[in-house]
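Structure file upload.cif (mmCIF, C-alpha atoms, pLDDT in the B column; chains and numbers go by the auth columns) follows.
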data_final
#
loop_
_atom_site.group_PDB
_atom_site.id
_atom_site.type_symbol
_atom_site.label_atom_id
_atom_site.label_comp_id
_atom_site.label_asym_id
_atom_site.label_seq_id
_atom_site.Cartn_x
_atom_site.Cartn_y
_atom_site.Cartn_z
_atom_site.B_iso_or_equiv
_atom_site.auth_seq_id
_atom_site.auth_asym_id
ATOM 1 C CA MET A 1 0.000 0.000 0.000 86.00 1 M
ATOM 2 C CA LYS A 2 3.051 2.241 0.401 93.00 2 M
ATOM 3 C CA GLU A 3 3.316 2.643 -3.385 95.00 3 M
ATOM 4 C CA VAL A 4 -0.401 3.466 -3.665 95.00 4 M
ATOM 5 C CA ILE A 5 -0.063 6.243 -1.086 96.00 5 M
ATOM 6 C CA GLU A 6 3.131 7.576 -2.709 97.00 6 M
ATOM 7 C CA THR A 7 1.397 7.590 -6.109 97.00 7 M
ATOM 8 C CA PHE A 8 -1.526 9.556 -4.708 97.00 8 M
ATOM 9 C CA GLN A 9 0.921 12.008 -3.069 97.00 9 M
ATOM 10 C CA ILE A 10 2.658 12.608 -6.418 97.00 10 M
ATOM 11 C CA HIS A 11 -0.704 13.123 -8.084 97.00 11 M
ATOM 12 C CA ASN A 12 -1.793 15.622 -5.433 98.00 12 M
ATOM 13 C CA ARG A 13 1.504 17.531 -5.706 97.00 13 M
ATOM 14 C CA ILE A 14 0.899 17.781 -9.467 97.00 14 M
ATOM 15 C CA ASN A 15 -2.550 19.228 -8.779 98.00 15 M
ATOM 16 C CA LEU A 16 -1.000 21.818 -6.470 98.00 16 M
ATOM 17 C CA TYR A 17 1.800 22.527 -8.976 97.00 17 M
ATOM 18 C CA LEU A 18 -0.753 23.383 -11.645 98.00 18 M
ATOM 19 C CA LEU A 19 -2.935 25.383 -9.253 98.00 19 M
ATOM 20 C CA GLN A 20 0.037 27.525 -8.221 98.00 20 M
ATOM 21 C CA ALA A 21 0.746 28.334 -11.889 97.00 21 M
ATOM 22 C CA ILE A 22 -2.711 29.840 -12.423 98.00 22 M
ATOM 23 C CA ASP A 23 -3.276 33.556 -11.870 97.00 23 M
ATOM 24 C CA GLU A 24 -5.843 34.285 -9.176 97.00 24 M
ATOM 25 C CA ASP A 25 -7.963 36.256 -11.662 97.00 25 M
ATOM 26 C CA HIS A 26 -8.116 33.276 -14.001 98.00 26 M
ATOM 27 C CA LEU A 27 -10.004 31.140 -11.473 98.00 27 M
ATOM 28 C CA ALA A 28 -13.126 32.738 -12.980 97.00 28 M
ATOM 29 C CA ASP A 29 -12.345 31.400 -16.491 97.00 29 M
ATOM 30 C CA MET A 30 -14.910 29.039 -17.976 96.00 30 M
ATOM 31 C CA ALA A 31 -14.833 26.821 -21.061 93.00 31 M
ATOM 32 C CA SER A 32 -16.654 28.120 -24.125 91.00 32 M
ATOM 33 C CA SER A 33 -19.117 25.245 -23.700 90.00 33 M
ATOM 34 C CA LYS A 34 -19.932 26.569 -20.198 88.00 34 M
ATOM 35 C CA GLY A 35 -19.837 24.425 -17.082 91.00 35 M
ATOM 36 C CA ARG A 36 -17.768 25.131 -13.978 96.00 36 M
ATOM 37 C CA THR A 37 -15.224 27.905 -13.683 97.00 37 M
ATOM 38 C CA VAL A 38 -11.581 26.966 -13.146 98.00 38 M
ATOM 39 C CA GLY A 39 -11.947 27.675 -9.429 98.00 39 M
ATOM 40 C CA LYS A 40 -15.096 25.582 -9.189 97.00 40 M
ATOM 41 C CA GLN A 41 -13.346 22.709 -11.008 98.00 41 M
ATOM 42 C CA TRP A 42 -10.731 22.651 -8.247 98.00 42 M
ATOM 43 C CA ALA A 43 -13.451 22.936 -5.584 98.00 43 M
ATOM 44 C CA HIS A 44 -15.286 20.006 -7.196 98.00 44 M
ATOM 45 C CA ILE A 45 -12.164 17.833 -6.953 98.00 45 M
ATOM 46 C CA HIS A 46 -11.955 18.580 -3.234 98.00 46 M
ATOM 47 C CA ASN A 47 -15.695 18.068 -2.702 98.00 47 M
ATOM 48 C CA VAL A 48 -15.681 14.669 -4.439 98.00 48 M
ATOM 49 C CA ARG A 49 -12.884 13.565 -2.133 98.00 49 M
ATOM 50 C CA LEU A 50 -15.113 14.555 0.788 98.00 50 M
ATOM 51 C CA LEU A 51 -18.018 12.549 -0.643 98.00 51 M
ATOM 52 C CA TRP A 52 -15.825 9.454 -0.726 98.00 52 M
ATOM 53 C CA LEU A 53 -14.548 10.106 2.771 98.00 53 M
ATOM 54 C CA LYS A 54 -18.116 10.488 4.031 97.00 54 M
ATOM 55 C CA ALA A 55 -19.002 7.096 2.550 96.00 55 M
ATOM 56 C CA ALA A 56 -15.814 5.223 3.417 97.00 56 M
ATOM 57 C CA ALA A 57 -14.388 6.826 6.567 97.00 57 M
ATOM 58 C CA PRO A 58 -16.524 9.669 7.972 97.00 58 M
ATOM 59 C CA GLU A 59 -14.204 10.056 10.962 97.00 59 M
ATOM 60 C CA LEU A 60 -11.613 11.539 8.570 97.00 60 M
ATOM 61 C CA LEU A 61 -13.953 14.459 7.766 95.00 61 M
ATOM 62 C CA ALA A 62 -13.677 16.089 11.202 92.00 62 M
ATOM 63 C CA THR A 63 -11.506 19.043 10.148 93.00 63 M
ATOM 64 C CA LEU A 64 -12.536 19.279 6.486 97.00 64 M
ATOM 65 C CA SER A 65 -14.995 21.732 4.944 96.00 65 M
ATOM 66 C CA LYS A 66 -16.911 21.450 1.720 97.00 66 M
ATOM 67 C CA PHE A 67 -16.895 24.259 -0.830 97.00 67 M
ATOM 68 C CA GLU A 68 -20.439 25.624 -1.000 97.00 68 M
ATOM 69 C CA GLU A 69 -21.902 27.463 -4.005 93.00 69 M
ATOM 70 C CA THR A 70 -21.524 30.721 -2.088 94.00 70 M
ATOM 71 C CA THR A 71 -17.898 30.143 -1.061 95.00 71 M
ATOM 72 C CA VAL A 72 -15.549 32.819 -2.371 95.00 72 M
ATOM 73 C CA ILE A 73 -12.838 30.722 -4.003 97.00 73 M
ATOM 74 C CA THR A 74 -9.198 31.802 -3.810 98.00 74 M
ATOM 75 C CA LYS A 75 -5.974 30.010 -4.688 98.00 75 M
ATOM 76 C CA ALA A 76 -4.941 29.967 -1.040 98.00 76 M
ATOM 77 C CA LEU A 77 -8.248 28.420 0.025 98.00 77 M
ATOM 78 C CA LEU A 78 -8.077 25.846 -2.780 98.00 78 M
ATOM 79 C CA ALA A 79 -4.472 24.909 -1.990 98.00 79 M
ATOM 80 C CA GLU A 80 -5.242 24.468 1.703 98.00 80 M
ATOM 81 C CA ALA A 81 -8.353 22.394 0.947 98.00 81 M
ATOM 82 C CA LEU A 82 -6.548 20.150 -1.564 98.00 82 M
ATOM 83 C CA GLU A 83 -3.668 19.621 0.858 98.00 83 M
ATOM 84 C CA GLN A 84 -6.053 18.744 3.700 98.00 84 M
ATOM 85 C CA SER A 85 -8.318 16.468 1.674 98.00 85 M
ATOM 86 C CA GLY A 86 -5.174 14.926 0.159 98.00 86 M
ATOM 87 C CA LYS A 87 -3.921 14.031 3.648 98.00 87 M
ATOM 88 C CA ALA A 88 -7.314 12.571 4.508 98.00 88 M
ATOM 89 C CA MET A 89 -7.233 10.446 1.344 98.00 89 M
ATOM 90 C CA GLU A 90 -3.788 9.196 2.358 97.00 90 M
ATOM 91 C CA SER A 91 -5.293 8.175 5.707 97.00 91 M
ATOM 92 C CA LEU A 92 -8.089 6.397 3.859 98.00 92 M
ATOM 93 C CA PHE A 93 -5.504 4.408 1.895 97.00 93 M
ATOM 94 C CA GLU A 94 -3.683 3.594 5.143 96.00 94 M
ATOM 95 C CA LYS A 95 -6.953 2.226 6.565 95.00 95 M
ATOM 96 C CA ALA A 96 -7.414 0.231 3.356 95.00 96 M
ATOM 97 C CA ALA A 97 -4.027 -1.390 3.903 91.00 97 M
ATOM 98 C CA THR A 98 -5.474 -3.056 6.997 91.00 98 M
ATOM 99 C CA ALA A 99 -9.024 -3.615 5.764 92.00 99 M
ATOM 100 C CA GLY A 100 -8.066 -4.647 2.233 91.00 100 M
ATOM 101 C CA LYS A 101 -10.833 -2.499 0.785 95.00 101 M
ATOM 102 C CA ILE A 102 -12.340 0.965 0.504 96.00 102 M
ATOM 103 C CA LYS A 103 -15.891 0.899 1.874 95.00 103 M
ATOM 104 C CA GLY A 104 -18.366 1.578 -0.917 95.00 104 M
ATOM 105 C CA PHE A 105 -15.888 1.041 -3.764 96.00 105 M
ATOM 106 C CA LYS A 106 -15.177 -2.093 -5.758 95.00 106 M
ATOM 107 C CA PRO A 107 -13.028 -3.904 -6.609 95.00 107 M
ATOM 108 C CA HIS A 108 -10.025 -2.866 -4.452 95.00 108 M
ATOM 109 C CA PRO A 109 -7.968 0.093 -3.132 96.00 109 M
ATOM 110 C CA THR A 110 -5.601 0.190 -6.120 96.00 110 M
ATOM 111 C CA ALA A 111 -8.597 0.541 -8.457 97.00 111 M
ATOM 112 C CA PHE A 112 -9.848 3.363 -6.219 97.00 112 M
ATOM 113 C CA LEU A 113 -6.519 5.126 -6.717 97.00 113 M
ATOM 114 C CA GLY A 114 -6.983 4.734 -10.478 97.00 114 M
ATOM 115 C CA TYR A 115 -10.500 6.137 -10.208 97.00 115 M
ATOM 116 C CA LEU A 116 -9.328 9.185 -8.223 97.00 116 M
ATOM 117 C CA ILE A 117 -6.457 9.948 -10.585 98.00 117 M
ATOM 118 C CA SER A 118 -8.699 9.522 -13.636 98.00 118 M
ATOM 119 C CA HIS A 119 -11.410 11.762 -12.209 98.00 119 M
ATOM 120 C CA GLU A 120 -9.079 14.515 -11.053 98.00 120 M
ATOM 121 C CA SER A 121 -6.976 14.412 -14.220 97.00 121 M
ATOM 122 C CA HIS A 122 -10.146 14.791 -16.288 97.00 122 M
ATOM 123 C CA HIS A 123 -10.840 18.013 -14.410 97.00 123 M
ATOM 124 C CA ARG A 124 -7.226 19.173 -14.800 97.00 124 M
ATOM 125 C CA GLY A 125 -7.752 18.799 -18.557 96.00 125 M
ATOM 126 C CA GLN A 126 -10.948 20.838 -18.338 96.00 126 M
ATOM 127 C CA ILE A 127 -9.089 23.480 -16.331 98.00 127 M
ATOM 128 C CA LEU A 128 -6.326 23.715 -18.943 97.00 128 M
ATOM 129 C CA LEU A 129 -8.894 23.923 -21.756 96.00 129 M
ATOM 130 C CA SER A 130 -10.851 26.650 -19.971 97.00 130 M
ATOM 131 C CA LEU A 131 -7.692 28.677 -19.457 98.00 131 M
ATOM 132 C CA LYS A 132 -6.654 28.204 -23.094 96.00 132 M
ATOM 133 C CA GLN A 133 -10.060 29.204 -24.438 96.00 133 M
ATOM 134 C CA ASN A 134 -9.913 32.370 -22.348 97.00 134 M
ATOM 135 C CA GLY A 135 -6.477 33.317 -23.690 97.00 135 M
ATOM 136 C CA HIS A 136 -4.697 32.356 -20.460 98.00 136 M
ATOM 137 C CA LEU A 137 -2.570 29.469 -21.690 95.00 137 M
ATOM 138 C CA VAL A 138 -0.435 27.945 -18.938 96.00 138 M
ATOM 139 C CA ASP A 139 3.309 28.231 -19.520 95.00 139 M
ATOM 140 C CA LYS A 140 4.827 25.334 -21.514 95.00 140 M
ATOM 141 C CA LYS A 141 7.107 24.498 -18.571 95.00 141 M
ATOM 142 C CA ILE A 142 4.010 23.845 -16.445 96.00 142 M
ATOM 143 C CA GLN A 143 2.237 21.955 -19.244 94.00 143 M
ATOM 144 C CA PHE A 144 5.171 19.559 -19.488 94.00 144 M
ATOM 145 C CA GLY A 145 5.772 19.635 -15.725 95.00 145 M
ATOM 146 C CA ILE A 146 2.475 17.951 -14.908 96.00 146 M
ATOM 147 C CA TRP A 147 3.852 14.860 -16.651 95.00 147 M
ATOM 148 C CA GLU A 148 7.111 14.761 -14.689 93.00 148 M
ATOM 149 C CA TRP A 149 5.995 12.283 -12.056 93.00 149 M
ATOM 150 C CA GLY A 150 9.586 11.370 -11.215 91.00 150 M
ATOM 151 C CA VAL A 151 10.359 14.862 -9.916 89.00 151 M
ATOM 152 C CA ARG A 152 7.045 15.974 -8.443 85.00 152 M
#

Spell out the structure here as structure tokens.
Amino acid sequence: MKEVIETFQIHNRINLYLLQAIDEDHLADMASSKGRTVGKQWAHIHNVRLLWLKAAAPELLATLSKFEETTVITKALLAEALEQSGKAMESLFEKAATAGKIKGFKPHPTAFLGYLISHESHHRGQILLSLKQNGHLVDKKIQFGIWEWGVR
């Protein structure tokens, strides 16, 4: 399970790496096809983590707060939330090492890791597209950097 937790940690650091590269003003960007703003995409990632924690290990929610529709979203608030929910997800994987499963998810904890990375990466792609469509293309160094798992 050590490798599963380390993989999730790398993934979460990549999320934070991309978030830090986005200008605060660009959190309001939205894709031309509508949907969530960039800031609300990040908030959704955090909120989905909380949904899984509520189902699988509600005791890990004690210090975590959901982003509400009325929450004023800032980079600092997003970064703190993603770090905190990331730590809680790590704890969930640690519990899974003993239990051999994630409550409410099949087939096994490694598949849950794949699910989380797939879901969050989908939203990272939507974030990058929204920024691009609004003329706020992320620097090439960052675009390539999100693929450098060996150094993140």

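Running the PyMOL selection byres ((chain M and resi 48-63) around 8) on this file leaves His44, Ile45, His46, Asn47, Leu64, Ser65, Lys66, Ser85, Ala88, Met89, Ser91, Leu92, Ile102, Lys103 and Gly104 of chain M selected.
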
* To do: Mind giving me the straight-line distance from CA of Gly86 (chain M) to CA of Gln126 (chain M) in Å, one decimal?
  =>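 Here the two named atoms are 20.3 Å from each other.
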
* With all atoms listed in the file as the basis for distance, which of M:Val138, M:Ala21, M:Leu27, M:Ala96 is at the shortest distance from Phe112 (chain M)? ->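 Closest to Phe112 (chain M), using all atoms listed in the file: M:Ala96.
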
* Leaving out Leu128 (chain M) and any residue of its chain fewer than 4 positions from it, which residues lie within 9 Å of it when counting only C-alpha atoms, given as a PyMOL selection string? -> chain M and resi 38+123-124+132-133+136-138+143

* Nearby residues (all atoms listed in the file) at most 12 Å from Glu3 (chain M), same-chain spacing under 2 positions excluded, as a list of chain:residue names ->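 Skipping anything fewer than 2 positions along the chain leaves M:Met1, M:Ile5, M:Glu6, M:Thr7, M:Phe8, M:Gln9, M:Ile10, M:Glu90, M:Phe93, M:Glu94, M:Ala97, M:Pro109, M:Thr110, M:Leu113.
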
Starting from the PyMOL selection byres ((chain M and resi 72) around 12), expand the selection into actual residues of this file and give them as a short mmCIF file (atom, residue, chain, number, x, y, z; two decimals) with C-alpha atoms, in the coordinates of the input.
data_model
loop_
_atom_site.label_atom_id
_atom_site.label_comp_id
_atom_site.auth_asym_id
_atom_site.auth_seq_id
_atom_site.Cartn_x
_atom_site.Cartn_y
_atom_site.Cartn_z
CA GLU M 24 -5.84 34.28 -9.18
CA LEU M 27 -10.00 31.14 -11.47
CA ALA M 28 -13.13 32.74 -12.98
CA GLY M 39 -11.95 27.68 -9.43
CA LYS M 40 -15.10 25.58 -9.19
CA ALA M 43 -13.45 22.94 -5.58
CA PHE M 67 -16.90 24.26 -0.83
CA GLU M 68 -20.44 25.62 -1.00
CA GLU M 69 -21.90 27.46 -4.00
CA THR M 70 -21.52 30.72 -2.09
CA THR M 71 -17.90 30.14 -1.06
CA ILE M 73 -12.84 30.72 -4.00
CA THR M 74 -9.20 31.80 -3.81
CA LYS M 75 -5.97 30.01 -4.69
CA ALA M 76 -4.94 29.97 -1.04
CA LEU M 77 -8.25 28.42 0.02
CA LEU M 78 -8.08 25.85 -2.78
#

* Asked: So how far away is CA of Arg36 (chain M) from CA of His119 (chain M), in Å?
  -> 14.9 Å

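With CA of Ile22 (chain M) on one side and CA of Val4 (chain M) on the other, the separation reads 27.9 Å.
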
* Asked: For this file, the PyMOL selection byres ((chain M and resi 14) around 12) selects which residues, as a ChimeraX atom specification?
  -> /M:7-13,15-21,79,82-83,86,117,120-121,124,142-152

Can you report as AutoDock Vina command-line options the centre and edge lengths in Å, to one decimal, of an axis-aligned box around the listed atoms of region 25-40 of chain M padded with 6 Å on each side?
--center_x -13.9 --center_y 30.3 --center_z -16.7 --size_x 24.0 --size_y 23.8 --size_z 26.9

* Out of M:Lys2, M:Lys141, M:Ala99, M:Leu129, which residue has the shortest atom-to-atom distance to Ser33 (chain M) when counting all atoms listed in the file? ->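 Answer, going by the shortest atom-to-atom distance: M:Leu129.
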
Need a file for region 68-102 of chain M from that block: N, CA and C atoms, written as a short mmCIF file (atom, residue, chain, number, x, y, z; two decimals), in the first residue's frame.
data_model
loop_
_atom_site.label_atom_id
_atom_site.label_comp_id
_atom_site.auth_asym_id
_atom_site.auth_seq_id
_atom_site.Cartn_x
_atom_site.Cartn_y
_atom_site.Cartn_z
N GLU M 68 -19.03 25.39 -0.70
CA GLU M 68 -20.44 25.62 -1.00
C GLU M 68 -20.52 26.52 -2.23
N GLU M 69 -21.70 26.60 -2.83
CA GLU M 69 -21.90 27.46 -4.00
C GLU M 69 -21.55 28.91 -3.70
N THR M 70 -21.76 29.32 -2.47
CA THR M 70 -21.52 30.72 -2.09
C THR M 70 -20.10 31.00 -1.62
N THR M 71 -19.27 29.96 -1.52
CA THR M 71 -17.90 30.14 -1.06
C THR M 71 -17.12 31.00 -2.05
N VAL M 72 -16.44 32.02 -1.54
CA VAL M 72 -15.55 32.82 -2.37
C VAL M 72 -14.25 32.02 -2.51
N ILE M 73 -13.96 31.63 -3.74
CA ILE M 73 -12.84 30.72 -4.00
C ILE M 73 -11.58 31.51 -4.31
N THR M 74 -10.51 31.21 -3.57
CA THR M 74 -9.20 31.80 -3.81
C THR M 74 -8.18 30.68 -3.97
N LYS M 75 -7.04 31.01 -4.55
CA LYS M 75 -5.97 30.01 -4.69
C LYS M 75 -5.53 29.49 -3.33
N ALA M 76 -5.40 30.39 -2.36
CA ALA M 76 -4.94 29.97 -1.04
C ALA M 76 -5.94 28.99 -0.41
N LEU M 77 -7.22 29.29 -0.53
CA LEU M 77 -8.25 28.42 0.03
C LEU M 77 -8.26 27.07 -0.69
N LEU M 78 -8.13 27.09 -2.01
CA LEU M 78 -8.08 25.85 -2.78
C LEU M 78 -6.86 25.01 -2.40
N ALA M 79 -5.70 25.64 -2.32
CA ALA M 79 -4.47 24.91 -1.99
C ALA M 79 -4.58 24.26 -0.61
N GLU M 80 -5.08 25.01 0.36
CA GLU M 80 -5.24 24.47 1.70
C GLU M 80 -6.23 23.29 1.70
N ALA M 81 -7.34 23.45 1.00
CA ALA M 81 -8.35 22.39 0.95
C ALA M 81 -7.80 21.14 0.28
N LEU M 82 -7.10 21.30 -0.86
CA LEU M 82 -6.55 20.15 -1.56
C LEU M 82 -5.46 19.45 -0.75
N GLU M 83 -4.67 20.23 -0.01
CA GLU M 83 -3.67 19.62 0.86
C GLU M 83 -4.34 18.82 1.97
N GLN M 84 -5.37 19.41 2.59
CA GLN M 84 -6.05 18.74 3.70
C GLN M 84 -6.82 17.51 3.23
N SER M 85 -7.57 17.64 2.15
CA SER M 85 -8.32 16.47 1.67
C SER M 85 -7.35 15.42 1.13
N GLY M 86 -6.21 15.87 0.60
CA GLY M 86 -5.17 14.93 0.16
C GLY M 86 -4.65 14.10 1.32
N LYS M 87 -4.39 14.75 2.45
CA LYS M 87 -3.92 14.03 3.65
C LYS M 87 -4.97 13.05 4.13
N ALA M 88 -6.24 13.47 4.08
CA ALA M 88 -7.31 12.57 4.51
C ALA M 88 -7.41 11.36 3.58
N MET M 89 -7.20 11.58 2.29
CA MET M 89 -7.23 10.45 1.34
C MET M 89 -6.07 9.50 1.64
N GLU M 90 -4.92 10.05 1.98
CA GLU M 90 -3.79 9.20 2.36
C GLU M 90 -4.17 8.33 3.56
N SER M 91 -4.84 8.93 4.53
CA SER M 91 -5.29 8.18 5.71
C SER M 91 -6.29 7.09 5.31
N LEU M 92 -7.14 7.40 4.35
CA LEU M 92 -8.09 6.40 3.86
C LEU M 92 -7.34 5.21 3.25
N PHE M 93 -6.30 5.50 2.48
CA PHE M 93 -5.50 4.41 1.90
C PHE M 93 -4.78 3.62 2.98
N GLU M 94 -4.32 4.30 4.03
CA GLU M 94 -3.68 3.59 5.14
C GLU M 94 -4.67 2.63 5.81
N LYS M 95 -5.92 3.10 6.00
CA LYS M 95 -6.95 2.23 6.57
C LYS M 95 -7.20 1.03 5.64
N ALA M 96 -7.17 1.30 4.34
CA ALA M 96 -7.41 0.23 3.36
C ALA M 96 -6.32 -0.82 3.39
N ALA M 97 -5.13 -0.42 3.80
CA ALA M 97 -4.03 -1.39 3.90
C ALA M 97 -4.37 -2.47 4.91
N THR M 98 -5.06 -2.10 5.97
CA THR M 98 -5.47 -3.06 7.00
C THR M 98 -6.74 -3.80 6.59
N ALA M 99 -7.72 -3.03 6.09
CA ALA M 99 -9.02 -3.61 5.76
C ALA M 99 -9.02 -4.37 4.44
N GLY M 100 -8.11 -4.01 3.54
CA GLY M 100 -8.07 -4.65 2.23
C GLY M 100 -9.09 -4.12 1.25
N LYS M 101 -9.81 -3.07 1.66
CA LYS M 101 -10.83 -2.50 0.79
C LYS M 101 -11.13 -1.05 1.17
N ILE M 102 -11.80 -0.37 0.26
CA ILE M 102 -12.34 0.97 0.50
C ILE M 102 -13.85 0.77 0.58
#
